[in-house]
>>> print(open('final38.cif').read())   # mmCIF, C-alpha atoms
data_model
#
loop_
_atom_site.label_atom_id
_atom_site.label_comp_id
_atom_site.auth_asym_id
_atom_site.auth_seq_id
_atom_site.Cartn_x
_atom_site.Cartn_y
_atom_site.Cartn_z
CA MET A 156 88.27 134.51 107.87
CA ASP A 157 85.63 136.63 106.15
CA GLY A 158 84.66 135.27 102.76
CA LEU A 159 85.25 131.62 103.70
CA THR A 160 82.15 129.45 103.79
CA ILE A 161 82.76 126.50 106.10
CA GLY A 162 80.74 123.29 105.88
CA GLY A 163 82.24 121.59 108.92
CA VAL A 164 85.31 121.01 111.07
CA THR A 165 87.09 117.87 112.24
CA PRO A 166 88.73 118.87 115.54
CA LEU A 167 91.50 116.26 115.45
CA SER A 168 93.01 114.09 112.72
CA SER A 169 96.27 112.18 112.52
CA LEU A 170 95.72 111.27 108.85
CA ASP A 171 95.22 114.53 106.97
CA PHE A 172 98.67 116.12 107.37
CA PRO A 173 101.83 113.96 107.32
CA ASP A 174 103.25 113.21 110.77
CA ALA A 175 101.13 115.86 112.49
CA LEU A 176 98.00 116.29 114.54
CA ALA A 177 95.67 118.52 112.59
CA ALA A 178 92.25 120.08 112.56
CA VAL A 179 90.46 119.88 109.21
CA ILE A 180 88.31 122.74 107.91
CA TYR A 181 85.87 121.70 105.19
CA CYS A 182 85.25 124.45 102.67
CA GLN A 183 81.88 124.55 100.97
CA GLY A 184 81.49 124.29 97.20
CA CYS A 185 82.66 122.09 94.32
CA PRO A 186 81.44 122.17 90.70
CA TRP A 187 82.49 118.59 89.94
CA GLY A 188 80.19 115.59 90.27
CA CYS A 189 82.53 112.67 91.04
CA PRO A 190 80.22 109.71 91.77
CA TYR A 191 82.36 108.35 94.63
CA CYS A 192 82.43 111.67 96.51
CA HIS A 193 81.87 111.16 100.25
CA ASN A 194 81.41 114.88 100.92
CA GLU A 195 78.45 115.38 98.60
CA PRO A 196 76.68 117.86 100.95
CA LEU A 197 79.68 120.19 100.54
CA ARG A 198 79.22 120.57 96.79
CA LYS A 199 76.65 123.34 96.98
CA ILE A 200 77.76 126.80 98.06
CA ASP A 201 75.06 129.28 98.99
CA GLY A 202 76.81 131.57 101.45
CA GLU A 203 75.35 129.80 104.47
CA GLY A 204 78.04 127.73 106.19
CA GLU A 205 77.54 125.24 108.99
CA ARG A 206 80.21 126.97 111.07
CA ASP A 207 80.86 130.67 111.58
CA ALA A 208 84.32 131.53 110.25
CA ALA A 209 85.21 133.93 113.07
CA SER A 210 84.26 131.38 115.72
CA VAL A 211 86.42 128.74 114.05
CA LEU A 212 89.43 131.05 114.16
CA SER A 213 88.72 131.79 117.82
CA TRP A 214 88.51 128.06 118.52
CA LEU A 215 91.84 127.50 116.77
CA GLU A 216 93.43 130.05 119.09
CA SER A 217 92.44 127.77 121.98
CA ARG A 218 94.17 124.82 120.27
CA ARG A 219 97.60 126.43 120.10
CA GLY A 220 100.13 124.01 121.55
CA LEU A 221 97.71 121.11 121.14
CA LEU A 222 97.55 120.90 117.33
CA ASP A 223 100.40 121.04 114.84
CA ALA A 224 98.52 121.92 111.67
CA VAL A 225 95.26 123.04 110.08
CA VAL A 226 94.18 121.44 106.81
CA PHE A 227 91.74 123.04 104.38
CA SER A 228 89.69 120.44 102.57
CA GLY A 229 86.33 120.40 100.88
CA GLY A 230 84.59 120.71 98.62
CA GLU A 231 87.26 122.58 96.71
CA PRO A 232 89.01 125.18 98.92
CA THR A 233 90.55 127.13 96.02
CA LEU A 234 87.02 128.00 94.86
CA GLN A 235 86.76 130.50 97.71
CA GLU A 236 88.25 133.97 97.62
CA GLY A 237 88.82 134.02 101.38
CA LEU A 238 91.24 131.09 101.35
CA ALA A 239 94.49 133.08 101.16
CA GLU A 240 93.48 135.41 104.00
CA THR A 241 92.50 132.45 106.15
CA LEU A 242 95.69 130.51 105.45
CA ALA A 243 97.69 133.57 106.48
CA ALA A 244 95.63 133.98 109.67
CA VAL A 245 96.11 130.34 110.62
CA ARG A 246 99.84 130.54 109.98
CA GLY A 247 99.91 133.65 112.15
CA LEU A 248 98.64 131.50 115.02
CA GLY A 249 101.69 129.27 114.62
CA PHE A 250 100.07 126.32 112.83
CA LYS A 251 101.38 124.58 109.73
CA THR A 252 98.91 124.76 106.88
CA GLY A 253 97.75 121.97 104.61
CA LEU A 254 95.55 122.00 101.52
CA HIS A 255 93.52 119.22 99.92
CA THR A 256 92.72 120.18 96.34
CA THR A 257 91.64 118.67 93.04
CA GLY A 258 93.78 121.19 91.20
CA MET A 259 90.77 122.33 89.19
CA PHE A 260 91.85 125.98 89.45
CA PRO A 261 95.62 126.18 88.79
CA ASP A 262 95.72 129.99 88.96
CA ALA A 263 93.99 130.00 92.35
CA LEU A 264 96.37 127.31 93.58
CA ALA A 265 99.32 129.43 92.47
CA ASP A 266 97.95 132.35 94.50
CA VAL A 267 97.88 130.38 97.78
CA LEU A 268 100.74 127.92 97.32
CA GLY A 269 103.23 130.14 99.14
CA LEU A 270 100.97 129.99 102.20
CA CYS A 271 100.89 126.17 102.29
CA ASP A 272 103.27 123.83 104.09
CA TRP A 273 101.88 120.70 102.43
CA VAL A 274 99.41 119.88 99.65
CA GLY A 275 97.43 116.75 98.86
CA LEU A 276 96.58 116.74 95.14
CA ASP A 277 93.68 114.47 94.20
CA VAL A 278 94.32 113.23 90.68
CA LYS A 279 91.07 111.68 89.55
CA ALA A 280 91.98 109.72 86.42
CA PRO A 281 94.09 109.66 83.27
CA ARG A 282 93.27 112.63 81.07
CA ALA A 283 91.08 110.60 78.71
CA ALA A 284 88.78 109.53 81.55
CA TYR A 285 88.61 112.80 83.51
CA ASP A 286 85.39 114.17 82.06
CA ARG A 287 83.65 110.85 82.71
CA ILE A 288 84.67 110.88 86.38
CA THR A 289 84.05 114.56 87.16
CA GLY A 290 81.04 115.18 84.94
CA ARG A 291 82.72 118.35 83.66
CA GLY A 292 85.06 119.23 80.79
CA GLY A 293 88.69 120.32 81.00
CA GLY A 294 89.47 118.89 84.44
CA GLY A 295 92.34 116.70 83.31
CA GLU A 296 94.36 119.52 81.82
CA ALA A 297 93.73 121.70 84.89
CA ALA A 298 94.79 118.95 87.29
CA PHE A 299 98.01 118.22 85.42
CA GLU A 300 98.77 121.94 85.19
CA SER A 301 98.41 122.06 88.98
CA LEU A 302 100.71 119.04 89.27
CA ALA A 303 103.32 120.86 87.17
CA LEU A 304 102.96 123.89 89.42
CA LEU A 305 103.57 121.78 92.52
CA LEU A 306 106.56 120.07 90.94
CA ARG A 307 108.13 123.46 90.23
CA SER A 308 107.52 124.64 93.79
CA ALA A 309 109.36 123.78 96.99
CA VAL A 310 106.12 122.77 98.75
CA PRO A 311 105.94 119.10 99.81
CA PHE A 312 102.94 117.37 98.28
CA GLU A 313 101.31 114.03 97.67
CA ALA A 314 99.59 112.97 94.46
CA ARG A 315 96.82 110.52 95.22
CA THR A 316 93.90 108.84 93.49
CA THR A 317 90.78 107.32 95.02
CA TRP A 318 90.06 104.09 93.14
CA HIS A 319 86.72 102.44 92.58
CA PRO A 320 87.12 99.55 90.07
CA GLY A 321 83.61 100.23 88.78
CA LEU A 322 84.71 103.68 87.63
CA LEU A 323 88.33 103.16 86.58
CA ASN A 324 89.61 99.81 85.38
CA GLU A 325 93.16 98.57 85.92
CA ASP A 326 94.25 99.52 82.39
CA GLU A 327 93.19 103.10 83.11
CA LEU A 328 95.20 103.06 86.33
CA VAL A 329 98.21 101.92 84.30
CA ALA A 330 97.63 104.81 81.89
CA LEU A 331 97.48 107.21 84.83
CA ALA A 332 100.70 105.81 86.30
CA ARG A 333 102.46 106.51 83.01
CA GLU A 334 101.02 110.03 82.73
CA LEU A 335 102.10 110.88 86.27
CA ALA A 336 105.61 109.59 85.63
CA GLU A 337 105.85 111.49 82.34
CA ALA A 338 104.75 114.66 84.14
CA GLY A 339 107.62 114.25 86.61
CA ALA A 340 105.82 112.96 89.71
CA ASP A 341 107.86 110.66 91.89
CA ARG A 342 105.29 109.40 94.42
CA TRP A 343 101.69 108.30 94.03
CA VAL A 344 99.23 106.93 96.57
CA ILE A 345 96.17 104.94 95.47
CA GLN A 346 93.41 105.26 98.06
CA ALA A 347 90.71 102.65 98.51
CA PHE A 348 87.17 103.85 97.88
CA ARG A 349 85.16 103.67 101.10
CA PRO A 350 81.35 103.68 101.02
CA ASP A 351 80.91 105.85 104.13
CA GLY A 352 79.01 108.97 103.13
CA CYS A 353 78.94 108.17 99.39
CA ALA A 354 75.75 109.53 97.86
CA ASP A 355 75.75 106.99 95.01
CA GLU A 356 73.99 103.94 96.44
CA ALA A 357 75.17 101.58 93.69
CA LEU A 358 78.81 102.46 94.27
CA ALA A 359 78.41 102.30 98.03
CA ALA A 360 76.88 98.83 97.75
CA ALA A 361 80.13 97.55 96.25
CA GLY A 362 81.87 98.25 99.56
CA THR A 363 85.45 99.25 100.23
CA THR A 364 87.89 98.73 97.34
CA VAL A 365 89.97 95.56 97.65
CA PHE A 366 93.33 95.91 95.92
CA PRO A 367 94.42 92.99 93.71
CA PRO A 368 97.66 91.52 95.11
CA ASP A 369 99.61 92.24 91.93
CA LEU A 370 98.27 95.77 91.36
CA VAL A 371 101.26 97.76 92.60
CA ALA A 372 103.71 95.49 90.78
CA ARG A 373 101.81 95.97 87.52
CA LEU A 374 101.71 99.73 87.94
CA GLN A 375 105.35 99.86 88.99
CA ALA A 376 106.34 97.96 85.84
CA ALA A 377 104.51 100.55 83.74
CA ALA A 378 106.06 103.51 85.57
CA PRO A 379 109.36 102.49 87.21
CA ARG A 380 110.26 106.04 88.28
CA LEU A 381 107.16 106.32 90.48
CA THR A 382 107.07 105.18 94.07
CA ILE A 383 103.57 103.70 94.33
CA ALA A 384 101.68 102.83 97.51
CA THR A 385 98.13 101.87 98.42
CA ARG A 386 96.11 103.23 101.31
CA SER A 387 93.08 101.39 102.66
#
>>> encode(input="final38.cif", output="structure tokens")
Amino acid sequence: MDGLTIGGVTPLSSLDFPDALAAVIYCQGCPWGCPYCHNEPLRKIDGEGERDAASVLSWLESRRGLLDAVVFSGGEPTLQEGLAETLAAVRGLGFKTGLHTTGMFPDALADVLGLCDWVGLDVKAPRAAYDRITGRGGGGEAAFESLALLLRSAVPFEARTTWHPGLLNEDELVALARELAEAGADRWVIQAFRPDGCADEALAAAGTTVFPPDLVARLQAAAPRLTIATRS
């Protein structure tokens, strides 16, 4: 696990890998500045991780038979050169491997996709709104290139979007539904924004996103080929 800077570990999660008990490894570093980010301390990467990589691998050895999977989250895991080596090491211990990614680096995703058993792709916005949400240019094209890569692969994945109505309005969600359908996606999960850990005090003050009762129906009408769900 050399070359992987780890910002933290969740020892047990039933939510981060479908139908599995998983540990979550949080990789340090992300160049985007999404205002609703709840892992803001993970954005900076300076080579000093909270957890020693070798000790985390040793700990995972002790969890064999108790956990089903290990999920790499962040931050943005594909930013780190040590990701492929670590995925291979974790698989060698008998765990399934999961990856949470924004898709900001399609080439890096392509390099590790064969080592993943499941991917959660965070699609931030329709292309026209991407730069506003991330604070960086070019993210929309990168994310949709990563979506195309996943669609061509045999790796199970979920496309999902965290929604804060103060950042994306319903019309923009409709535009995103159409773009996802046109790209070939068949399932999309809209996640409620939760204020826990959000560094933006104004956004956090708005509280957890409450979904309008007709939201899914409106989105489904705009993109009939998509299966759309909400997650609170």
>>> residues_around(input="final38.cif", residues="A:Ala263", least_positions_apart="2", cutoff="12 Å", atoms="all atoms listed in the file", output="ChimeraX atom specification")
/A:231-239,256-261,265-269,297,300-301,304
>>> resolve_selection(input="final38.cif", expression="the PyMOL selection byres ((chain A and resi 226) around 8)", output="PyMOL selection string")
chain A and resi 171-172+177-180+224-225+227-228+252-255
>>> resolve_selection(input="final38.cif", expression="the PyMOL selection byres ((chain A and resi 332) around 12)", output="tab-separated table (two decimals) with C-alpha atoms, in the coordinates of the input")
chain	number	residue	atom	x	y	z
A	278	VAL	CA	94.32	113.23	90.68
A	279	LYS	CA	91.07	111.68	89.55
A	280	ALA	CA	91.98	109.72	86.42
A	281	PRO	CA	94.09	109.66	83.27
A	282	ARG	CA	93.27	112.63	81.07
A	314	ALA	CA	99.59	112.97	94.46
A	315	ARG	CA	96.82	110.52	95.22
A	316	THR	CA	93.90	108.84	93.49
A	325	GLU	CA	93.16	98.57	85.92
A	326	ASP	CA	94.25	99.52	82.39
A	327	GLU	CA	93.19	103.10	83.11
A	328	LEU	CA	95.20	103.06	86.33
A	329	VAL	CA	98.21	101.92	84.30
A	330	ALA	CA	97.63	104.81	81.89
A	331	LEU	CA	97.48	107.21	84.83
A	333	ARG	CA	102.46	106.51	83.01
A	334	GLU	CA	101.02	110.03	82.73
A	335	LEU	CA	102.10	110.88	86.27
A	336	ALA	CA	105.61	109.59	85.63
A	337	GLU	CA	105.85	111.49	82.34
A	338	ALA	CA	104.75	114.66	84.14
A	339	GLY	CA	107.62	114.25	86.61
A	340	ALA	CA	105.82	112.96	89.71
A	341	ASP	CA	107.86	110.66	91.89
A	342	ARG	CA	105.29	109.40	94.42
A	343	TRP	CA	101.69	108.30	94.03
A	344	VAL	CA	99.23	106.93	96.57
A	345	ILE	CA	96.17	104.94	95.47
A	370	LEU	CA	98.27	95.77	91.36
A	371	VAL	CA	101.26	97.76	92.60
A	372	ALA	CA	103.71	95.49	90.78
A	373	ARG	CA	101.81	95.97	87.52
A	374	LEU	CA	101.71	99.73	87.94
A	375	GLN	CA	105.35	99.86	88.99
A	376	ALA	CA	106.34	97.96	85.84
A	377	ALA	CA	104.51	100.55	83.74
A	378	ALA	CA	106.06	103.51	85.57
A	379	PRO	CA	109.36	102.49	87.21
A	380	ARG	CA	110.26	106.04	88.28
A	381	LEU	CA	107.16	106.32	90.48
A	382	THR	CA	107.07	105.18	94.07
A	383	ILE	CA	103.57	103.70	94.33
A	384	ALA	CA	101.68	102.83	97.51
>>> resolve_selection(input="final38.cif", expression="the PyMOL selection byres ((chain A and resi 181) around 6)", output="PyMOL selection string")
chain A and resi 161-164+180+182+228-229
>>> atom_distance(input="final38.cif", atom1="atom CA of A:Phe299", atom2="atom CA of A:Asp286")
13.7 Å
>>> closest_residue(input="final38.cif", among="A:Ala354, A:Ala303, A:Leu170, A:Ala175", to="A:Asp272", atoms="all atoms listed in the file")
A:Ala175
>>> decode(input="final38.cif", residues="stretch 205-240 of chain A", atoms="N, CA and C atoms", output="PDB file, in the first residue's frame")
ATOM      1  N   GLU A 205      -3.604  10.293   7.862  1.00  0.00           N
ATOM      2  CA  GLU A 205      -4.024  10.046   9.238  1.00  0.00           C
ATOM      3  C   GLU A 205      -3.693   8.619   9.655  1.00  0.00           C
ATOM      4  N   ARG A 206      -3.759   7.691   8.686  1.00  0.00           N
ATOM      5  CA  ARG A 206      -3.490   6.289   8.969  1.00  0.00           C
ATOM      6  C   ARG A 206      -2.307   5.813   8.134  1.00  0.00           C
ATOM      7  N   ASP A 207      -1.500   4.945   8.743  1.00  0.00           N
ATOM      8  CA  ASP A 207      -0.381   4.349   8.034  1.00  0.00           C
ATOM      9  C   ASP A 207      -0.899   3.245   7.115  1.00  0.00           C
ATOM     10  N   ALA A 208      -0.498   3.291   5.839  1.00  0.00           N
ATOM     11  CA  ALA A 208      -1.039   2.368   4.849  1.00  0.00           C
ATOM     12  C   ALA A 208      -0.740   0.914   5.193  1.00  0.00           C
ATOM     13  N   ALA A 209       0.472   0.630   5.631  1.00  0.00           N
ATOM     14  CA  ALA A 209       0.846  -0.752   5.956  1.00  0.00           C
ATOM     15  C   ALA A 209       0.022  -1.281   7.120  1.00  0.00           C
ATOM     16  N   SER A 210      -0.250  -0.428   8.100  1.00  0.00           N
ATOM     17  CA  SER A 210      -1.026  -0.873   9.257  1.00  0.00           C
ATOM     18  C   SER A 210      -2.481  -1.132   8.878  1.00  0.00           C
ATOM     19  N   VAL A 211      -3.000  -0.372   7.910  1.00  0.00           N
ATOM     20  CA  VAL A 211      -4.365  -0.608   7.457  1.00  0.00           C
ATOM     21  C   VAL A 211      -4.464  -1.959   6.763  1.00  0.00           C
ATOM     22  N   LEU A 212      -3.480  -2.292   5.951  1.00  0.00           N
ATOM     23  CA  LEU A 212      -3.487  -3.594   5.282  1.00  0.00           C
ATOM     24  C   LEU A 212      -3.378  -4.721   6.316  1.00  0.00           C
ATOM     25  N   SER A 213      -2.556  -4.531   7.318  1.00  0.00           N
ATOM     26  CA  SER A 213      -2.432  -5.528   8.380  1.00  0.00           C
ATOM     27  C   SER A 213      -3.753  -5.693   9.120  1.00  0.00           C
ATOM     28  N   TRP A 214      -4.416  -4.584   9.381  1.00  0.00           N
ATOM     29  CA  TRP A 214      -5.733  -4.636  10.041  1.00  0.00           C
ATOM     30  C   TRP A 214      -6.738  -5.384   9.176  1.00  0.00           C
ATOM     31  N   LEU A 215      -6.717  -5.132   7.863  1.00  0.00           N
ATOM     32  CA  LEU A 215      -7.646  -5.827   6.973  1.00  0.00           C
ATOM     33  C   LEU A 215      -7.418  -7.337   7.002  1.00  0.00           C
ATOM     34  N   GLU A 216      -6.188  -7.760   7.151  1.00  0.00           N
ATOM     35  CA  GLU A 216      -5.922  -9.196   7.267  1.00  0.00           C
ATOM     36  C   GLU A 216      -6.684  -9.790   8.444  1.00  0.00           C
ATOM     37  N   SER A 217      -6.808  -9.031   9.528  1.00  0.00           N
ATOM     38  CA  SER A 217      -7.524  -9.517  10.708  1.00  0.00           C
ATOM     39  C   SER A 217      -9.032  -9.529  10.516  1.00  0.00           C
ATOM     40  N   ARG A 218      -9.517  -8.900   9.439  1.00  0.00           N
ATOM     41  CA  ARG A 218     -10.962  -8.817   9.192  1.00  0.00           C
ATOM     42  C   ARG A 218     -11.432  -9.835   8.160  1.00  0.00           C
ATOM     43  N   ARG A 219     -10.527 -10.686   7.720  1.00  0.00           N
ATOM     44  CA  ARG A 219     -10.909 -11.721   6.753  1.00  0.00           C
ATOM     45  C   ARG A 219     -11.940 -12.640   7.387  1.00  0.00           C
ATOM     46  N   GLY A 220     -13.025 -12.889   6.646  1.00  0.00           N
ATOM     47  CA  GLY A 220     -14.117 -13.696   7.162  1.00  0.00           C
ATOM     48  C   GLY A 220     -15.159 -12.888   7.906  1.00  0.00           C
ATOM     49  N   LEU A 221     -14.847 -11.641   8.219  1.00  0.00           N
ATOM     50  CA  LEU A 221     -15.781 -10.769   8.930  1.00  0.00           C
ATOM     51  C   LEU A 221     -16.347  -9.678   8.018  1.00  0.00           C
ATOM     52  N   LEU A 222     -15.567  -9.266   7.040  1.00  0.00           N
ATOM     53  CA  LEU A 222     -15.999  -8.273   6.055  1.00  0.00           C
ATOM     54  C   LEU A 222     -16.081  -8.921   4.676  1.00  0.00           C
ATOM     55  N   ASP A 223     -16.960  -8.378   3.851  1.00  0.00           N
ATOM     56  CA  ASP A 223     -17.095  -8.876   2.481  1.00  0.00           C
ATOM     57  C   ASP A 223     -16.282  -8.059   1.486  1.00  0.00           C
ATOM     58  N   ALA A 224     -16.142  -6.760   1.764  1.00  0.00           N
ATOM     59  CA  ALA A 224     -15.592  -5.852   0.759  1.00  0.00           C
ATOM     60  C   ALA A 224     -14.820  -4.719   1.408  1.00  0.00           C
ATOM     61  N   VAL A 225     -13.992  -4.076   0.591  1.00  0.00           N
ATOM     62  CA  VAL A 225     -13.278  -2.862   0.988  1.00  0.00           C
ATOM     63  C   VAL A 225     -13.543  -1.816  -0.092  1.00  0.00           C
ATOM     64  N   VAL A 226     -14.013  -0.659   0.337  1.00  0.00           N
ATOM     65  CA  VAL A 226     -14.364   0.416  -0.591  1.00  0.00           C
ATOM     66  C   VAL A 226     -13.357   1.552  -0.453  1.00  0.00           C
ATOM     67  N   PHE A 227     -12.875   2.043  -1.584  1.00  0.00           N
ATOM     68  CA  PHE A 227     -11.958   3.178  -1.604  1.00  0.00           C
ATOM     69  C   PHE A 227     -12.755   4.420  -1.977  1.00  0.00           C
ATOM     70  N   SER A 228     -12.764   5.374  -1.049  1.00  0.00           N
ATOM     71  CA  SER A 228     -13.530   6.592  -1.230  1.00  0.00           C
ATOM     72  C   SER A 228     -12.592   7.769  -1.050  1.00  0.00           C
ATOM     73  N   GLY A 229     -13.135   8.947  -0.856  1.00  0.00           N
ATOM     74  CA  GLY A 229     -12.233  10.081  -0.715  1.00  0.00           C
ATOM     75  C   GLY A 229     -12.930  11.317  -0.215  1.00  0.00           C
ATOM     76  N   GLY A 230     -12.303  12.445  -0.625  1.00  0.00           N
ATOM     77  CA  GLY A 230     -11.287  12.629  -1.637  1.00  0.00           C
ATOM     78  C   GLY A 230     -11.617  11.974  -2.971  1.00  0.00           C
ATOM     79  N   GLU A 231     -10.602  11.918  -3.813  1.00  0.00           N
ATOM     80  CA  GLU A 231     -10.724  11.253  -5.117  1.00  0.00           C
ATOM     81  C   GLU A 231      -9.642  10.181  -5.206  1.00  0.00           C
ATOM     82  N   PRO A 232     -10.024   8.896  -5.050  1.00  0.00           N
ATOM     83  CA  PRO A 232      -9.021   7.824  -5.012  1.00  0.00           C
ATOM     84  C   PRO A 232      -8.152   7.732  -6.257  1.00  0.00           C
ATOM     85  N   THR A 233      -8.721   8.022  -7.443  1.00  0.00           N
ATOM     86  CA  THR A 233      -7.944   7.852  -8.673  1.00  0.00           C
ATOM     87  C   THR A 233      -6.857   8.912  -8.819  1.00  0.00           C
ATOM     88  N   LEU A 234      -6.798   9.868  -7.902  1.00  0.00           N
ATOM     89  CA  LEU A 234      -5.726  10.860  -7.894  1.00  0.00           C
ATOM     90  C   LEU A 234      -4.395  10.233  -7.475  1.00  0.00           C
ATOM     91  N   GLN A 235      -4.464   9.116  -6.766  1.00  0.00           N
ATOM     92  CA  GLN A 235      -3.274   8.542  -6.159  1.00  0.00           C
ATOM     93  C   GLN A 235      -2.698   7.388  -6.972  1.00  0.00           C
ATOM     94  N   GLU A 236      -1.390   7.435  -7.161  1.00  0.00           N
ATOM     95  CA  GLU A 236      -0.720   6.423  -7.976  1.00  0.00           C
ATOM     96  C   GLU A 236      -0.735   5.044  -7.325  1.00  0.00           C
ATOM     97  N   GLY A 237      -0.843   4.992  -6.008  1.00  0.00           N
ATOM     98  CA  GLY A 237      -0.822   3.703  -5.318  1.00  0.00           C
ATOM     99  C   GLY A 237      -2.135   2.961  -5.307  1.00  0.00           C
ATOM    100  N   LEU A 238      -3.163   3.495  -5.966  1.00  0.00           N
ATOM    101  CA  LEU A 238      -4.483   2.871  -5.881  1.00  0.00           C
ATOM    102  C   LEU A 238      -4.511   1.477  -6.484  1.00  0.00           C
ATOM    103  N   ALA A 239      -3.950   1.303  -7.678  1.00  0.00           N
ATOM    104  CA  ALA A 239      -4.008  -0.007  -8.340  1.00  0.00           C
ATOM    105  C   ALA A 239      -3.321  -1.081  -7.498  1.00  0.00           C
ATOM    106  N   GLU A 240      -2.142  -0.765  -6.978  1.00  0.00           N
ATOM    107  CA  GLU A 240      -1.404  -1.722  -6.157  1.00  0.00           C
ATOM    108  C   GLU A 240      -2.212  -2.115  -4.925  1.00  0.00           C
TER     109      GLU A 240
END
